[in-house]
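Coordinates from my_file_9.csv are shown below (CSV, C-alpha atoms).
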```
chain,number,residue,atom,x,y,z
U,86,MET,CA,114.4,132.9,113.9
U,87,GLU,CA,117.9,131.4,113.9
U,88,ALA,CA,119.5,131.9,110.5
U,89,ILE,CA,122.7,130.1,111.3
U,90,VAL,CA,123.0,127.4,113.9
U,91,VAL,CA,126.5,126.0,114.7
U,92,GLU,CA,126.6,122.8,116.9
U,93,GLY,CA,129.8,121.3,118.3
U,94,LEU,CA,132.1,122.1,115.4
U,95,ARG,CA,135.5,120.6,115.7
U,96,LYS,CA,138.5,120.8,113.3
U,97,GLN,CA,142.0,119.4,113.9
U,98,PHE,CA,144.8,119.7,111.5
U,99,ASP,CA,147.2,116.8,111.0
U,100,PRO,CA,145.5,114.5,113.6
U,101,PRO,CA,146.1,112.9,115.9
U,102,LYS,CA,148.9,115.2,117.2
U,103,GLY,CA,148.2,118.4,115.2
U,104,PRO,CA,146.6,121.6,116.6
U,105,VAL,CA,142.9,121.7,117.3
U,106,ALA,CA,141.9,124.8,115.5
U,107,VAL,CA,138.2,124.7,116.4
U,108,ASP,CA,137.2,122.9,119.6
U,109,THR,CA,133.5,121.9,119.9
U,110,VAL,CA,132.2,125.4,119.0
U,111,SER,CA,128.5,126.2,119.2
U,112,PHE,CA,126.6,129.4,118.6
U,113,GLN,CA,123.5,130.8,116.8
U,114,ILE,CA,123.0,133.9,114.6
U,115,GLY,CA,119.5,135.4,114.3
U,116,GLU,CA,118.0,136.5,111.0
U,117,GLY,CA,119.1,140.1,110.3
U,118,GLU,CA,121.8,140.1,113.0
U,119,ILE,CA,125.5,141.2,112.8
U,120,PHE,CA,127.3,138.6,114.9
U,121,SER,CA,131.0,139.1,115.5
U,122,LEU,CA,133.6,136.5,116.3
U,123,LEU,CA,136.1,138.4,118.4
U,124,GLY,CA,139.5,136.9,119.4
U,125,PRO,CA,143.3,137.2,118.8
U,126,ASN,CA,145.1,135.7,115.8
U,127,GLY,CA,145.0,131.9,116.1
U,128,ALA,CA,141.7,131.8,118.0
U,129,GLY,CA,140.0,129.7,115.3
U,130,LYS,CA,137.9,132.4,113.7
U,131,THR,CA,139.1,131.9,110.1
U,132,THR,CA,138.8,128.1,110.4
U,133,THR,CA,135.2,128.5,111.6
U,134,ILE,CA,134.4,130.8,108.7
U,135,SER,CA,136.0,128.3,106.3
U,136,ILE,CA,133.8,125.5,107.6
U,137,LEU,CA,130.7,127.7,107.3
U,138,SER,CA,131.7,128.5,103.8
U,139,CYS,CA,131.9,124.8,102.9
U,140,LEU,CA,135.7,125.1,102.2
U,141,LEU,CA,136.7,122.9,105.1
U,142,ARG,CA,134.9,119.8,106.3
U,143,PRO,CA,134.6,119.6,110.1
U,144,ASP,CA,135.9,116.6,112.0
U,145,GLY,CA,132.9,116.8,114.2
U,146,GLY,CA,129.7,118.6,114.7
U,147,ASP,CA,127.7,120.4,112.0
U,148,ALA,CA,126.2,123.8,111.1
U,149,ARG,CA,123.0,124.8,109.3
U,150,VAL,CA,122.9,128.0,107.2
U,151,GLY,CA,119.4,129.0,106.1
U,152,GLY,CA,118.3,125.5,107.2
U,153,PHE,CA,120.9,123.6,105.1
U,154,SER,CA,123.7,121.5,106.5
U,155,VAL,CA,127.2,122.5,105.6
U,156,THR,CA,128.3,118.8,105.6
U,157,ARG,CA,125.3,117.3,103.8
U,158,GLU,CA,124.1,120.2,101.5
U,159,PRO,CA,127.1,122.3,100.8
U,160,GLU,CA,125.9,123.4,97.3
U,161,LYS,CA,122.7,124.8,98.8
U,162,VAL,CA,124.6,126.7,101.5
U,163,LYS,CA,127.0,128.2,98.9
U,164,ALA,CA,124.1,129.6,97.0
U,165,LEU,CA,123.0,131.6,100.0
U,166,ILE,CA,126.4,133.1,101.1
U,167,GLY,CA,128.8,135.7,100.1
U,168,VAL,CA,132.4,135.5,101.5
U,169,VAL,CA,134.9,138.4,101.9
U,170,PRO,CA,138.1,136.5,102.7
U,171,GLN,CA,141.0,137.8,104.8
U,172,ASP,CA,143.3,137.7,101.8
U,173,ILE,CA,142.6,139.8,98.6
U,174,ALA,CA,141.2,137.5,96.0
U,175,LEU,CA,141.5,139.6,92.8
U,176,TYR,CA,143.4,139.6,89.5
U,177,GLU,CA,145.7,142.6,89.7
U,178,ASP,CA,146.3,142.8,85.9
U,179,MET,CA,142.5,143.3,85.4
U,180,SER,CA,140.4,146.3,86.1
U,181,GLY,CA,138.0,146.5,89.0
U,182,ARG,CA,135.1,146.1,86.6
U,183,GLU,CA,136.7,143.1,84.8
U,184,ASN,CA,137.2,141.4,88.2
U,185,LEU,CA,133.6,141.9,89.1
U,186,LEU,CA,132.5,140.5,85.7
U,187,PHE,CA,134.8,137.5,86.2
U,188,TRP,CA,133.4,136.7,89.6
U,189,GLY,CA,129.9,137.3,88.5
U,190,ARG,CA,130.3,134.6,85.8
U,191,MET,CA,131.6,132.3,88.5
U,192,TYR,CA,128.2,132.7,90.2
U,193,GLY,CA,126.5,131.8,86.9
U,194,MET,CA,125.5,135.3,85.9
U,195,SER,CA,125.8,136.6,82.4
U,196,GLY,CA,124.7,139.2,79.8
U,197,ALA,CA,122.7,142.3,80.6
U,198,ALA,CA,121.8,141.1,84.1
U,199,LEU,CA,125.4,140.7,85.0
U,200,ASN,CA,126.4,144.1,83.7
U,201,LYS,CA,123.5,145.8,85.5
U,202,ARG,CA,124.5,144.1,88.7
U,203,VAL,CA,128.1,145.1,88.3
U,204,ASP,CA,127.0,148.7,87.8
U,205,GLU,CA,125.0,148.5,91.1
U,206,VAL,CA,127.9,147.0,93.0
U,207,LEU,CA,130.4,149.6,91.8
U,208,GLU,CA,128.0,152.3,93.0
U,209,LEU,CA,127.7,150.5,96.4
U,210,ILE,CA,131.5,150.2,96.9
U,211,GLY,CA,132.1,153.8,95.6
U,212,LEU,CA,134.4,152.8,92.7
U,213,VAL,CA,132.4,154.0,89.6
U,214,ASP,CA,135.1,156.5,88.7
U,215,ARG,CA,137.9,154.0,89.0
U,216,GLN,CA,136.2,150.9,87.6
U,217,LYS,CA,138.4,150.8,84.4
U,218,ASP,CA,141.7,151.2,86.3
U,219,ARG,CA,143.8,148.1,86.8
U,220,VAL,CA,143.6,146.6,90.3
U,221,ASP,CA,147.4,146.9,90.8
U,222,LYS,CA,146.9,150.7,90.7
U,223,TYR,CA,144.4,150.6,93.6
U,224,SER,CA,145.2,151.3,97.2
U,225,GLY,CA,144.8,148.5,99.8
U,226,GLY,CA,141.4,149.9,100.9
U,227,MET,CA,140.1,150.0,97.3
U,228,LYS,CA,141.2,146.4,96.8
U,229,ARG,CA,139.2,145.5,99.9
U,230,ARG,CA,136.2,147.2,98.5
U,231,VAL,CA,136.3,145.3,95.2
U,232,ASN,CA,136.8,142.1,97.3
U,233,ILE,CA,133.5,143.0,99.1
U,234,GLY,CA,131.8,143.9,95.8
U,235,ALA,CA,132.6,140.4,94.5
U,236,ALA,CA,130.8,138.8,97.4
U,237,LEU,CA,127.7,141.0,96.8
U,238,LEU,CA,127.2,140.2,93.1
U,239,HIS,CA,124.6,137.4,93.6
U,240,ASN,CA,122.7,139.2,96.3
U,241,PRO,CA,123.5,136.8,99.1
U,242,ARG,CA,121.3,136.3,102.1
U,243,PHE,CA,124.3,135.8,104.4
U,244,LEU,CA,127.6,137.7,104.3
U,245,TYR,CA,130.8,136.5,106.0
U,246,PHE,CA,133.6,139.1,106.6
U,247,ASP,CA,136.9,137.6,107.7
U,248,GLU,CA,139.1,140.4,109.2
U,249,PRO,CA,138.2,142.8,106.3
U,250,THR,CA,140.0,145.9,107.7
U,251,VAL,CA,143.4,144.4,108.4
U,252,GLY,CA,146.2,146.5,106.9
U,253,ILE,CA,144.2,149.4,105.5
U,254,ASP,CA,144.1,153.1,106.1
U,255,PRO,CA,141.6,154.7,108.6
U,256,GLN,CA,139.4,156.2,105.9
U,257,SER,CA,139.0,152.9,104.1
U,258,ARG,CA,138.3,151.2,107.4
U,259,ARG,CA,135.6,153.7,108.1
U,260,SER,CA,134.0,153.1,104.7
U,261,ILE,CA,134.0,149.3,105.2
U,262,LEU,CA,132.4,149.5,108.6
U,263,ASP,CA,129.7,151.9,107.4
U,264,GLY,CA,129.2,149.6,104.4
U,265,VAL,CA,128.7,146.6,106.7
U,266,LYS,CA,126.0,148.4,108.7
U,267,ASP,CA,124.3,149.6,105.5
U,268,LEU,CA,124.2,146.0,104.1
U,269,ASN,CA,122.8,144.7,107.4
U,270,ALA,CA,120.1,147.5,107.4
U,271,SER,CA,119.1,146.2,103.9
U,272,GLY,CA,118.3,142.8,105.5
U,273,VAL,CA,121.6,140.9,105.1
U,274,THR,CA,122.7,138.7,108.0
U,275,VAL,CA,126.4,139.3,108.7
U,276,LEU,CA,129.0,137.1,110.4
U,277,TYR,CA,132.1,139.3,111.0
U,278,THR,CA,135.4,138.2,112.4
U,279,THR,CA,137.9,140.6,114.0
U,280,HIS,CA,140.6,141.0,116.6
U,281,TYR,CA,139.7,144.7,117.0
U,282,MET,CA,137.5,145.2,120.1
U,283,GLU,CA,136.3,148.6,118.8
U,284,GLU,CA,134.9,147.1,115.6
U,285,ALA,CA,133.0,144.4,117.5
U,286,GLN,CA,131.6,146.9,119.9
U,287,GLU,CA,130.4,149.3,117.1
U,288,LEU,CA,129.0,146.7,114.7
U,289,SER,CA,127.5,143.8,116.6
U,290,HIS,CA,124.1,142.9,117.8
U,291,ARG,CA,125.8,140.0,119.6
U,292,ILE,CA,129.4,138.8,120.0
U,293,GLY,CA,131.2,135.5,120.4
U,294,ILE,CA,134.6,135.6,122.1
U,295,MET,CA,137.0,132.9,120.9
U,296,ASP,CA,140.3,131.9,122.2
U,297,LYS,CA,142.5,128.9,121.4
U,298,GLY,CA,139.8,127.3,119.3
U,299,ALA,CA,137.1,127.5,121.9
U,300,MET,CA,134.0,129.7,122.2
U,301,ILE,CA,134.4,131.1,125.7
U,302,ALA,CA,131.4,133.5,125.9
U,303,THR,CA,128.6,134.8,123.7
U,304,GLY,CA,126.1,137.6,124.2
U,305,THR,CA,125.4,141.2,123.7
U,306,GLN,CA,128.1,143.7,124.7
U,307,ASP,CA,126.1,144.5,127.9
U,308,GLU,CA,125.7,140.8,128.7
U,309,LEU,CA,129.4,140.2,128.2
U,310,VAL,CA,130.5,143.2,130.2
U,311,ARG,CA,128.4,142.0,133.1
U,312,LEU,CA,130.6,139.0,133.4
U,313,VAL,CA,133.3,141.3,134.7
U,314,GLY,CA,131.1,142.4,137.6
U,315,GLU,CA,131.2,145.7,139.4
U,316,ARG,CA,134.7,146.7,138.5
U,317,THR,CA,136.3,149.9,137.2
U,318,ARG,CA,139.0,150.2,134.6
U,319,ILE,CA,142.0,152.5,135.4
U,320,ASP,CA,144.0,153.6,132.4
U,321,LEU,CA,147.5,155.1,133.1
U,322,THR,CA,150.8,155.9,131.4
U,323,LEU,CA,154.1,155.7,133.2
U,324,ASP,CA,157.5,157.2,132.3
U,325,ARG,CA,159.4,154.1,133.5
U,326,GLU,CA,159.3,150.9,135.4
U,327,ALA,CA,156.0,149.7,133.9
U,328,GLU,CA,156.9,146.0,134.1
U,329,THR,CA,158.0,146.2,137.7
U,330,LEU,CA,154.9,148.1,138.8
U,331,ALA,CA,152.6,145.8,136.9
U,332,ALA,CA,154.0,142.8,138.8
U,333,ARG,CA,153.6,144.7,142.1
U,334,TRP,CA,150.1,146.0,141.4
U,335,ARG,CA,148.8,142.5,140.5
U,336,GLU,CA,149.4,141.6,144.2
U,337,LEU,CA,147.4,144.6,145.6
U,338,PRO,CA,144.0,143.7,147.3
U,339,GLY,CA,141.2,144.8,145.1
U,340,VAL,CA,143.1,144.5,141.8
U,341,SER,CA,141.4,141.8,139.6
U,342,SER,CA,143.8,142.0,136.6
U,343,VAL,CA,146.6,144.2,135.0
U,344,SER,CA,147.4,144.6,131.3
U,345,ALA,CA,150.8,146.1,130.6
U,346,PRO,CA,151.9,146.4,126.9
U,347,ASP,CA,155.5,147.4,126.2
U,348,ASP,CA,154.8,151.1,125.5
U,349,GLY,CA,154.5,152.3,129.0
U,350,SER,CA,150.7,152.3,129.0
U,351,MET,CA,148.8,150.1,131.5
U,352,TRP,CA,145.3,149.4,132.6
U,353,LEU,CA,143.9,147.7,135.7
U,354,SER,CA,140.6,146.2,136.5
U,355,VAL,CA,139.8,147.1,140.2
U,356,GLN,CA,137.0,146.8,142.7
U,357,ASP,CA,137.2,150.3,144.2
U,358,ALA,CA,139.2,152.9,142.2
U,359,ASN,CA,139.0,155.5,145.1
U,360,VAL,CA,140.8,153.1,147.4
U,361,LEU,CA,143.4,151.9,144.8
U,362,MET,CA,144.5,155.2,143.1
U,363,PRO,CA,146.5,156.5,146.1
U,364,LYS,CA,148.3,153.2,146.4
U,365,LEU,CA,149.2,153.4,142.7
U,366,PHE,CA,150.8,156.7,143.1
U,367,ASP,CA,152.6,155.5,146.3
U,368,GLY,CA,153.9,152.5,144.4
U,369,ALA,CA,155.2,154.5,141.4
U,370,ARG,CA,157.0,156.9,143.8
U,371,ALA,CA,158.6,154.0,145.6
U,372,VAL,CA,160.4,152.9,142.4
U,373,GLY,CA,161.2,156.3,141.1
U,374,ALA,CA,158.6,156.3,138.4
U,375,ARG,CA,156.0,158.9,137.6
U,376,ILE,CA,152.4,158.5,136.5
U,377,ILE,CA,152.0,160.8,133.5
U,378,GLU,CA,148.3,160.2,132.8
U,379,ILE,CA,145.5,158.5,134.6
U,380,SER,CA,141.8,158.1,133.9
U,381,LEU,CA,138.8,155.9,134.8
U,382,ALA,CA,136.7,154.0,132.3
U,383,GLU,CA,133.7,151.7,132.3
U,384,PRO,CA,134.5,148.0,131.7
U,385,ASN,CA,134.8,146.9,128.0
U,386,LEU,CA,135.3,143.8,125.9
U,387,GLU,CA,139.1,144.0,126.5
U,388,MET,CA,138.4,143.6,130.2
U,389,VAL,CA,136.0,140.8,129.5
U,390,PHE,CA,138.7,138.9,127.5
U,391,LEU,CA,141.3,139.4,130.3
U,392,HIS,CA,138.8,138.3,132.9
U,393,LEU,CA,138.0,135.1,131.0
U,394,THR,CA,141.5,134.2,129.8
U,395,GLY,CA,144.0,135.9,132.1
U,396,ARG,CA,145.6,137.7,129.2
U,397,ALA,CA,145.0,140.8,127.1
U,398,LEU,CA,143.1,140.4,123.8
U,399,ARG,CA,146.2,141.4,121.7
U,400,ASP,CA,148.8,139.3,123.6
```
Please render this file's structure as structure tokens.
Amino acid sequence: MEAIVVEGLRKQFDPPKGPVAVDTVSFQIGEGEIFSLLGPNGAGKTTTISILSCLLRPDGGDARVGGFSVTREPEKVKALIGVVPQDIALYEDMSGRENLLFWGRMYGMSGAALNKRVDEVLELIGLVDRQKDRVDKYSGGMKRRVNIGAALLHNPRFLYFDEPTVGIDPQSRRSILDGVKDLNASGVTVLYTTHYMEEAQELSHRIGIMDKGAMIATGTQDELVRLVGERTRIDLTLDREAETLAARWRELPGVSSVSAPDDGSMWLSVQDANVLMPKLFDGARAVGARIIEISLAEPNLEMVFLHLTGRALRD
């Protein structure tokens, strides 16, 4: 059963010459799935979430959430969803508990039922011991957890997470990812946006890859990786001349693509690693560079993005 159906969504800011943030995007999310929108900053992920949250009206297309249209029945959609925004939406001069009580009242909750639910949510997000502290005393990760708690108060059927781990420490990130999986295991359907390939790989039943406002591929991780074909990834680190060698190696027969960040690391998508590796060492030697590390890896979503767009996911 499709819980969320998106059909031809389009959004342009400042038409007719402004940027097209979402360009005829379509996808479906099944009941009980975690579906991730993966793409770089500016891909259109947050605009898509905003439309599905009924905060922005699309210029074209429509979406149904739990069977209700975001354009014709926004109030019914809002009753079904919880949204964890990219930016922290809390009052820093109030305690964690006071923030949850405030947002609970915004959902129409009150009295003993609200207090009971706030107790349950504080337990879920692991902040019972710090619930009376002001939010401005919290770490970034703790603030994120209260943000998530606010979205859980009314027991939503659908949860949207928009880049929830940006700018937080690894321990808090781990807590959030585990929390997303636990919520999904309890029956909540999750729409999750990220530009971190590792998060999409760990969490998702299916993934939609977005770039420049368009949906360029959807599927399970295995289905997406098959788009790359029978290729191998070679990861290596150079002591110098990475940019020069990247340009040369792109021209080698059997090299499908090369990604070369500025830190001396590089990876190549190749048809036959056994044939290519001696040529890589010869090329490095010819320009006076040395390969410090080299390893082989199976294709991943980074390779898929490069294959589909011609550039690395974090470019």
Within 9 Å of Val251 in chain U, counting only C-alpha atoms, which residues qualify if same-chain residues fewer than 3 places away don't, as a list in words?
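Once the nearby chain positions are removed, what remains is Gln171, Glu248, Arg258 and Thr279 of chain U.
Coordinates place CA of Gly298 in chain U at a distance of 9.6 Å from CA of Gly124 in chain U.
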Nearest residue to Ile376 in chain U from the set U:Ser121, U:Ser180, U:Thr156, U:Thr322 (distances using all atoms listed in the file):
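Result for the nearest residue to Ile376 in chain U: U:Thr322.
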Spatial neighbours of Asn126 in chain U, 12 Å, all atoms listed in the file, chain gap at least 4 places, as a PDB file with C-alpha atoms, in the coordinates of the input:
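Listing of part.pdb after writing:
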```pdb
ATOM      1  CA  ALA U 106     141.900 124.800 115.500  1.00  0.00           C
ATOM      2  CA  LEU U 122     133.600 136.500 116.300  1.00  0.00           C
ATOM      3  CA  LYS U 130     137.900 132.400 113.700  1.00  0.00           C
ATOM      4  CA  THR U 131     139.100 131.900 110.100  1.00  0.00           C
ATOM      5  CA  THR U 132     138.800 128.100 110.400  1.00  0.00           C
ATOM      6  CA  GLN U 171     141.000 137.800 104.800  1.00  0.00           C
ATOM      7  CA  ASP U 247     136.900 137.600 107.700  1.00  0.00           C
ATOM      8  CA  GLU U 248     139.100 140.400 109.200  1.00  0.00           C
ATOM      9  CA  VAL U 251     143.400 144.400 108.400  1.00  0.00           C
ATOM     10  CA  THR U 278     135.400 138.200 112.400  1.00  0.00           C
ATOM     11  CA  THR U 279     137.900 140.600 114.000  1.00  0.00           C
ATOM     12  CA  HIS U 280     140.600 141.000 116.600  1.00  0.00           C
ATOM     13  CA  TYR U 281     139.700 144.700 117.000  1.00  0.00           C
ATOM     14  CA  MET U 295     137.000 132.900 120.900  1.00  0.00           C
ATOM     15  CA  ASP U 296     140.300 131.900 122.200  1.00  0.00           C
ATOM     16  CA  LYS U 297     142.500 128.900 121.400  1.00  0.00           C
ATOM     17  CA  GLY U 298     139.800 127.300 119.300  1.00  0.00           C
ATOM     18  CA  LEU U 398     143.100 140.400 123.800  1.00  0.00           C
ATOM     19  CA  ARG U 399     146.200 141.400 121.700  1.00  0.00           C
ATOM     20  CA  ASP U 400     148.800 139.300 123.600  1.00  0.00           C
TER      21      ASP U 400
END
```
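Coordinates place CA of Ala164 in chain U at a distance of 12.6 Å from CA of Met194 in chain U.
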Atomic separation - CA of Leu312 in chain U relative to CA of Leu330 in chain U, Å
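Atom-to-atom, CA of Leu330 in chain U and CA of Leu312 in chain U are spaced 26.5 Å apart.
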Where atoms are missing, can you supply N, CA and C atoms for range 145-163 of chain U and output the lot as a PDB file, in the frame of the given file?
```pdb
ATOM      1  N   GLY U 145     134.043 117.078 113.378  1.00  0.00           N
ATOM      2  CA  GLY U 145     132.900 116.800 114.200  1.00  0.00           C
ATOM      3  C   GLY U 145     131.928 117.911 114.239  1.00  0.00           C
ATOM      4  N   GLY U 146     130.693 117.609 114.610  1.00  0.00           N
ATOM      5  CA  GLY U 146     129.700 118.600 114.700  1.00  0.00           C
ATOM      6  C   GLY U 146     129.140 118.987 113.269  1.00  0.00           C
ATOM      7  N   ASP U 147     128.264 119.969 113.227  1.00  0.00           N
ATOM      8  CA  ASP U 147     127.700 120.400 112.000  1.00  0.00           C
ATOM      9  C   ASP U 147     127.175 121.841 112.146  1.00  0.00           C
ATOM     10  N   ALA U 148     126.783 122.457 111.051  1.00  0.00           N
ATOM     11  CA  ALA U 148     126.200 123.800 111.100  1.00  0.00           C
ATOM     12  C   ALA U 148     125.112 123.848 110.016  1.00  0.00           C
ATOM     13  N   ARG U 149     124.042 124.601 110.288  1.00  0.00           N
ATOM     14  CA  ARG U 149     123.000 124.800 109.300  1.00  0.00           C
ATOM     15  C   ARG U 149     122.939 126.306 108.982  1.00  0.00           C
ATOM     16  N   VAL U 150     122.985 126.591 107.700  1.00  0.00           N
ATOM     17  CA  VAL U 150     122.900 128.000 107.200  1.00  0.00           C
ATOM     18  C   VAL U 150     121.661 128.088 106.371  1.00  0.00           C
ATOM     19  N   GLY U 151     120.721 128.919 106.826  1.00  0.00           N
ATOM     20  CA  GLY U 151     119.400 129.000 106.100  1.00  0.00           C
ATOM     21  C   GLY U 151     118.703 127.681 106.107  1.00  0.00           C
ATOM     22  N   GLY U 152     118.966 126.850 107.096  1.00  0.00           N
ATOM     23  CA  GLY U 152     118.300 125.500 107.200  1.00  0.00           C
ATOM     24  C   GLY U 152     119.031 124.412 106.504  1.00  0.00           C
ATOM     25  N   PHE U 153     120.142 124.682 105.800  1.00  0.00           N
ATOM     26  CA  PHE U 153     120.900 123.600 105.100  1.00  0.00           C
ATOM     27  C   PHE U 153     122.170 123.288 105.787  1.00  0.00           C
ATOM     28  N   SER U 154     122.491 122.018 105.803  1.00  0.00           N
ATOM     29  CA  SER U 154     123.700 121.500 106.500  1.00  0.00           C
ATOM     30  C   SER U 154     124.933 121.774 105.656  1.00  0.00           C
ATOM     31  N   VAL U 155     125.996 122.273 106.314  1.00  0.00           N
ATOM     32  CA  VAL U 155     127.200 122.500 105.600  1.00  0.00           C
ATOM     33  C   VAL U 155     127.943 121.203 105.235  1.00  0.00           C
ATOM     34  N   THR U 156     127.625 120.111 105.935  1.00  0.00           N
ATOM     35  CA  THR U 156     128.300 118.800 105.600  1.00  0.00           C
ATOM     36  C   THR U 156     127.458 118.015 104.620  1.00  0.00           C
ATOM     37  N   ARG U 157     126.129 118.136 104.630  1.00  0.00           N
ATOM     38  CA  ARG U 157     125.300 117.300 103.800  1.00  0.00           C
ATOM     39  C   ARG U 157     124.751 118.043 102.545  1.00  0.00           C
ATOM     40  N   GLU U 158     124.660 119.381 102.627  1.00  0.00           N
ATOM     41  CA  GLU U 158     124.100 120.200 101.500  1.00  0.00           C
ATOM     42  C   GLU U 158     124.921 121.383 101.196  1.00  0.00           C
ATOM     43  N   PRO U 159     126.223 121.187 100.955  1.00  0.00           N
ATOM     44  CA  PRO U 159     127.100 122.300 100.800  1.00  0.00           C
ATOM     45  C   PRO U 159     126.745 123.221  99.571  1.00  0.00           C
ATOM     46  N   GLU U 160     126.244 122.636  98.490  1.00  0.00           N
ATOM     47  CA  GLU U 160     125.900 123.400  97.300  1.00  0.00           C
ATOM     48  C   GLU U 160     124.752 124.395  97.615  1.00  0.00           C
ATOM     49  N   LYS U 161     123.797 123.957  98.408  1.00  0.00           N
ATOM     50  CA  LYS U 161     122.700 124.800  98.800  1.00  0.00           C
ATOM     51  C   LYS U 161     123.147 125.947  99.706  1.00  0.00           C
ATOM     52  N   VAL U 162     124.093 125.626 100.585  1.00  0.00           N
ATOM     53  CA  VAL U 162     124.600 126.700 101.500  1.00  0.00           C
ATOM     54  C   VAL U 162     125.390 127.700 100.649  1.00  0.00           C
ATOM     55  N   LYS U 163     126.227 127.249  99.716  1.00  0.00           N
ATOM     56  CA  LYS U 163     127.000 128.200  98.900  1.00  0.00           C
ATOM     57  C   LYS U 163     126.191 129.163  98.128  1.00  0.00           C
TER      58      LYS U 163
END
```
